[in-house]
Amino acid sequence: MNTLASAFGQVHRIAVFRALVLGDMLCAVPALRAIRAAWPGAEITLVGLPWAKQWVERSAQVDRFIEFPGFPGLPEREADALAWPAFLHEVQSRRFDLALQLHGSGTLTNPLVALFNARHVAGFAGDGAWAAERATHCGWPESGDEIERLLRLTDHLGLARQGTHLEFPVQASDDASLHEAWPDVNAAESIVCVHAGAQLPSRRWPPERFAAVADSLAAAGHTVVLTGTQAETGLVGQVASAMRHPSVNLAGRTSLWSLGALLQRCRLLVCNDTGVSHVSAALGTPSVVVSLGADVSRWAPRDGARHRVLWQAMSCRPCAHVICPIGHGCATAIAPQQVVRVAEELLEATVA
């Protein structure tokens with residue numbers, strides 16, 4: 001086959017740079033699947049954020065992991081200058097045949113990935129971005145969902161697509177961990193998960209509004225389970241305190257994987273536009289997503305019938321603020337009654 005990828009010759013070791021959070025990583029799975037299928041015998045290494053190490057251990061598309069120590073100008077992690085010599089030594093000593101920049105438009109990241117000293121480099125190159133090998137870089141897409149944007153690169157290289165579905169590998173041990181956190185899980189009927197957290201305050205719907213939705217669903221006979229990370233226990237506690245009906249508070253008590261086991265059991269997830277929404281999309285659990293500040297066309301789950309996104313058009317979207325400076329209009333515009341109505345529609349469409 002005469003493709004750009006054929007010019008790489010024998011490819012035994014591949015580095016993929018995508019140092020981003022959970023939802024971003026899950027959206028990259030279709031592109032990673034295409035890469036794996038193109039070079040099934042190659043060793044594929046993810047260069048990513050620390051959390052992703054456990055994801056790589058379960059991934060069918062990635063074999064090894066190198067922790068990225070951050071870089072000035074990239075917001076996902078504060079740069080650790082002292083860790084850079086060891087990081088560069090590690091990536092360069094792997095002698096990668098191919099390094100793929102799947103992180104973004106390339107303004108900062110293309111020079112960074114070039115430091116890996118791979119034999120060939122491919123990735124995205126937005127307007128004005130430098131590229132070590134121009135032919136193997138494609139322009140950064142300004143439209144389309146994140147899955148399609150990343151597949152533009154594999155398409156450009158001539159790699160055959162292997163579907164656009166997401167994957168989240170839950171194991172039997174995860175269900176056992178869920179039982180440890182919630183011993184009565186098997187007795188619960190019609191479980192609805194309410195996840196009030198998000199990485200940035202500007203992306204969080206107010207806890208009292210989540211509480212109002214949770215109360216309506218609990219009053220209708222559903223078992224409401226509140227979830228969140230250890231850092232979000234205070235936020236989730238606000239939701240629980242504002243509720244009139246009982247709920248099961250698992251905030252800080254589940255791992256990423258036992259949360260997946262929980263979502264497999266749920267009839268519905270109600271959440272912000274955050275990583276857990278992509279987990280539910282991967283597992284096929286219906287969801288109602290309140291999207292604040294994000295580019296909905298880029299980040300909404302693809303199945304619009306199973307996953308319903310509620311959002312308010314604002315001139316300031318997509319938002320770049322950690323905390324909204326102008327009254328959080330995208331949040332206040334979404335009423336709890338709207339979320340409840342959509343939740344009820346989805347619950348009626350599914351069989352308990």
# chains A, B, ... in the order shown; residues from 1 in each chain; ligands from 1

call {"tool": "residues_around", "arguments": {"residues": "segment 305-310 of chain A", "least_positions_apart": "2", "cutoff": "7 Å", "atoms": "only C-alpha atoms", "output": "PyMOL selection string"}}
result
chain A and resi 286-291+300-301+303

call {"tool": "residues_around", "arguments": {"residues": "Glu148 of chain A", "least_positions_apart": "4", "cutoff": "12 Å", "atoms": "only C-alpha atoms", "output": "list in words"}}
result
Cys27, Ala28, Val29, Pro30, Ala31, Trp140, Pro141, Glu142, Ser143, Gly144, Arg152, Leu153, Thr154, Asp155, Arg161, Gly163, Thr164, His165, Ser297, Arg298, Trp299, Pro301 and Arg302 of chain A

call {"tool": "write_last_selection", "arguments": {"atoms": "C-alpha atoms", "output": "short mmCIF file (atom, residue, chain, number, x, y, z; two decimals), in the first residue's frame"}}
result
data_model
loop_
_atom_site.label_atom_id
_atom_site.label_comp_id
_atom_site.auth_asym_id
_atom_site.auth_seq_id
_atom_site.Cartn_x
_atom_site.Cartn_y
_atom_site.Cartn_z
CA CYS A 27 -11.20 10.17 22.95
CA ALA A 28 -7.80 9.14 21.58
CA VAL A 29 -8.60 5.41 21.74
CA PRO A 30 -9.90 5.16 18.13
CA ALA A 31 -6.71 6.79 16.81
CA TRP A 140 -4.97 21.00 13.17
CA PRO A 141 -8.75 20.57 12.61
CA GLU A 142 -10.79 23.53 13.86
CA SER A 143 -14.08 21.64 13.68
CA GLY A 144 -15.46 18.20 14.43
CA ARG A 152 -7.51 13.13 10.84
CA LEU A 153 -3.87 12.35 11.56
CA THR A 154 -4.17 8.59 11.15
CA ASP A 155 -6.22 9.18 7.99
CA ARG A 161 -9.73 3.10 10.77
CA GLY A 163 -14.03 2.07 14.42
CA THR A 164 -14.82 5.19 16.41
CA HIS A 165 -16.10 3.57 19.61
CA SER A 297 -19.40 20.16 19.20
CA ARG A 298 -15.94 18.95 20.18
CA TRP A 299 -16.59 17.13 23.45
CA PRO A 301 -20.61 12.08 23.33
CA ARG A 302 -21.31 10.89 19.79
#

call {"tool": "residues_around", "arguments": {"residues": "Ile35 of chain A", "least_positions_apart": "3", "cutoff": "10 Å", "atoms": "only C-alpha atoms", "output": "list of chain:residue names"}}
result
A:Ile14, A:Val16, A:Val29, A:Pro30, A:Ala31, A:Leu32, A:Ala38, A:Trp39, A:Pro40, A:Ala42, A:Ile44, A:Gln61, A:Val62, A:Leu100, A:Thr154, A:Leu157, A:Leu159, A:Ala160, A:Arg161, A:Gln162

call {"tool": "write_last_selection", "arguments": {"atoms": "C-alpha atoms", "output": "PDB file, in the first residue's frame"}}
result
ATOM      1  CA  ILE A  14       6.453   4.024  18.678  1.00  0.00           C
ATOM      2  CA  VAL A  16       2.670   8.663  21.390  1.00  0.00           C
ATOM      3  CA  VAL A  29      -8.601   5.413  21.735  1.00  0.00           C
ATOM      4  CA  PRO A  30      -9.902   5.165  18.126  1.00  0.00           C
ATOM      5  CA  ALA A  31      -6.710   6.792  16.810  1.00  0.00           C
ATOM      6  CA  LEU A  32      -4.598   4.506  18.998  1.00  0.00           C
ATOM      7  CA  ALA A  38      -1.081  -0.567  11.355  1.00  0.00           C
ATOM      8  CA  TRP A  39       1.914  -1.821  13.354  1.00  0.00           C
ATOM      9  CA  PRO A  40       0.617  -4.818  15.356  1.00  0.00           C
ATOM     10  CA  ALA A  42       5.420  -2.638  17.454  1.00  0.00           C
ATOM     11  CA  ILE A  44       3.807   1.476  21.668  1.00  0.00           C
ATOM     12  CA  GLN A  61      -3.443  -0.244  22.326  1.00  0.00           C
ATOM     13  CA  VAL A  62      -0.461   0.826  24.450  1.00  0.00           C
ATOM     14  CA  LEU A 100       3.380  10.733  17.125  1.00  0.00           C
ATOM     15  CA  THR A 154      -4.174   8.589  11.153  1.00  0.00           C
ATOM     16  CA  LEU A 157      -0.882   8.819   7.268  1.00  0.00           C
ATOM     17  CA  LEU A 159      -3.817   4.099   8.481  1.00  0.00           C
ATOM     18  CA  ALA A 160      -7.066   2.153   8.247  1.00  0.00           C
ATOM     19  CA  ARG A 161      -9.730   3.096  10.772  1.00  0.00           C
ATOM     20  CA  GLN A 162     -10.749   0.486  13.331  1.00  0.00           C
TER      21      GLN A 162
END

call {"tool": "atom_distance", "arguments": {"atom1": "atom CA of Asp175 of chain A", "atom2": "atom CA of Leu262 of chain A"}}
result
7.5 Å

call {"tool": "closest_residue", "arguments": {"among": "A:Phe96, A:Trp311, A:Trp55, A:Phe124", "to": "Leu22 of chain A", "atoms": "only C-alpha atoms"}}
result
A:Trp55

call {"tool": "atom_distance", "arguments": {"atom1": "atom CA of Arg13 of chain A", "atom2": "atom CA of Arg94 of chain A"}}
result
7.8 Å

call {"tool": "select_by_dssp", "arguments": {"residues": "segment 8-141 of chain A", "states": "helix (DSSP H, G or I)", "output": "number ranges by chain"}}
result
A: 8, 22-27, 29-38, 52-58, 81-93, 109-114, 134-136

call {"tool": "select_by_dssp", "arguments": {"residues": "segment 209-328 of chain A", "states": "strand (DSSP E or B)", "output": "number ranges by chain"}}
result
A: 223-227, 248-249, 268-272, 287-290, 307-310

call {"tool": "residues_around", "arguments": {"residues": "Gln312 of chain A", "least_positions_apart": "2", "cutoff": "8 Å", "atoms": "only C-alpha atoms", "output": "list of chain:residue names"}}
result
A:Leu292, A:Leu310, A:Met314, A:Cys330, A:Ala331, A:Ala333, A:Ile334

call {"tool": "residues_around", "arguments": {"residues": "Arg209 of chain A", "least_positions_apart": "2", "cutoff": "10 Å", "atoms": "only C-alpha atoms", "output": "tab-separated table (two decimals) with N, CA and C atoms, in the first residue's frame"}}
result
chain	number	residue	atom	x	y	z
A	196	ALA	N	-20.95	15.36	40.60
A	196	ALA	CA	-20.99	16.83	40.60
A	196	ALA	C	-19.63	17.48	40.35
A	205	TRP	N	-21.53	22.67	37.52
A	205	TRP	CA	-22.89	23.11	37.81
A	205	TRP	C	-23.04	23.19	39.32
A	206	PRO	N	-23.79	24.17	39.87
A	206	PRO	CA	-23.85	24.34	41.33
A	206	PRO	C	-24.34	23.10	42.06
A	207	PRO	N	-23.74	22.79	43.22
A	207	PRO	CA	-24.11	21.57	43.96
A	207	PRO	C	-25.58	21.53	44.36
A	211	ALA	N	-28.28	18.62	43.69
A	211	ALA	CA	-29.08	18.07	44.78
A	211	ALA	C	-30.56	18.04	44.42
A	212	ALA	N	-31.04	19.10	43.76
A	212	ALA	CA	-32.45	19.15	43.36
A	212	ALA	C	-32.77	18.05	42.36
A	213	VAL	N	-31.87	17.81	41.42
A	213	VAL	CA	-32.07	16.73	40.46
A	213	VAL	C	-32.04	15.38	41.17
A	214	ALA	N	-31.06	15.20	42.05
A	214	ALA	CA	-30.93	13.94	42.78
A	214	ALA	C	-32.17	13.67	43.62
A	215	ASP	N	-32.72	14.70	44.27
A	215	ASP	CA	-33.94	14.53	45.07
A	215	ASP	C	-35.11	14.08	44.21
A	239	VAL	N	-23.64	18.48	48.07
A	239	VAL	CA	-24.79	17.91	47.37
A	239	VAL	C	-25.61	17.07	48.34
A	242	ALA	N	-27.57	19.11	50.89
A	242	ALA	CA	-28.68	19.87	50.32
A	242	ALA	C	-29.86	18.98	49.93
A	243	MET	N	-29.67	17.68	49.94
A	243	MET	CA	-30.75	16.77	49.57
A	243	MET	C	-31.71	16.51	50.72
A	331	ALA	N	-24.10	28.33	33.57
A	331	ALA	CA	-24.58	27.43	34.61
A	331	ALA	C	-25.97	27.80	35.09
A	332	THR	N	-26.18	29.09	35.35
A	332	THR	CA	-27.48	29.51	35.89
A	332	THR	C	-28.61	29.37	34.86
A	334	ILE	N	-29.21	26.79	33.05
A	334	ILE	CA	-29.70	25.40	33.04
A	334	ILE	C	-30.41	25.13	34.36
A	335	ALA	N	-31.72	24.95	34.31
A	335	ALA	CA	-32.52	24.73	35.52
A	335	ALA	C	-32.57	23.25	35.86
A	336	PRO	N	-32.67	22.91	37.15
A	336	PRO	CA	-32.78	21.50	37.53
A	336	PRO	C	-33.95	20.79	36.84
A	337	GLN	N	-35.06	21.51	36.63
A	337	GLN	CA	-36.22	20.88	36.00
A	337	GLN	C	-35.90	20.40	34.58
A	339	VAL	N	-32.97	19.28	33.55
A	339	VAL	CA	-32.17	18.06	33.68
A	339	VAL	C	-33.06	16.89	34.09

call {"tool": "atom_distance", "arguments": {"atom1": "atom CA of Ala281 of chain A", "atom2": "atom CA of Gly293 of chain A"}}
result
20.1 Å

call {"tool": "closest_residue", "arguments": {"among": "A:Pro111, A:Gly197, A:Gly228, A:Gly123", "to": "Thr254 of chain A", "atoms": "only C-alpha atoms"}}
result
A:Gly228

call {"tool": "residues_around", "arguments": {"residues": "Ala79 of chain A", "least_positions_apart": "4", "cutoff": "7 Å", "atoms": "only C-alpha atoms", "output": "PyMOL selection string"}}
result
chain A and resi 69-72

call {"tool": "write_last_selection", "arguments": {"atoms": "N, CA and C atoms", "output": "CSV table (one decimal), in the first residue's frame"}}
result
chain,number,residue,atom,x,y,z
A,69,PRO,N,7.0,15.2,32.5
A,69,PRO,CA,7.2,16.1,33.7
A,69,PRO,C,6.7,17.5,33.5
A,70,GLY,N,5.9,17.7,32.5
A,70,GLY,CA,5.4,19.1,32.2
A,70,GLY,C,6.3,19.9,31.4
A,71,PHE,N,5.8,21.0,30.9
A,71,PHE,CA,6.6,21.9,30.0
A,71,PHE,C,6.0,23.3,30.1
A,72,PRO,N,6.8,24.3,30.1
A,72,PRO,CA,6.3,25.7,30.2
A,72,PRO,C,5.3,26.0,29.1
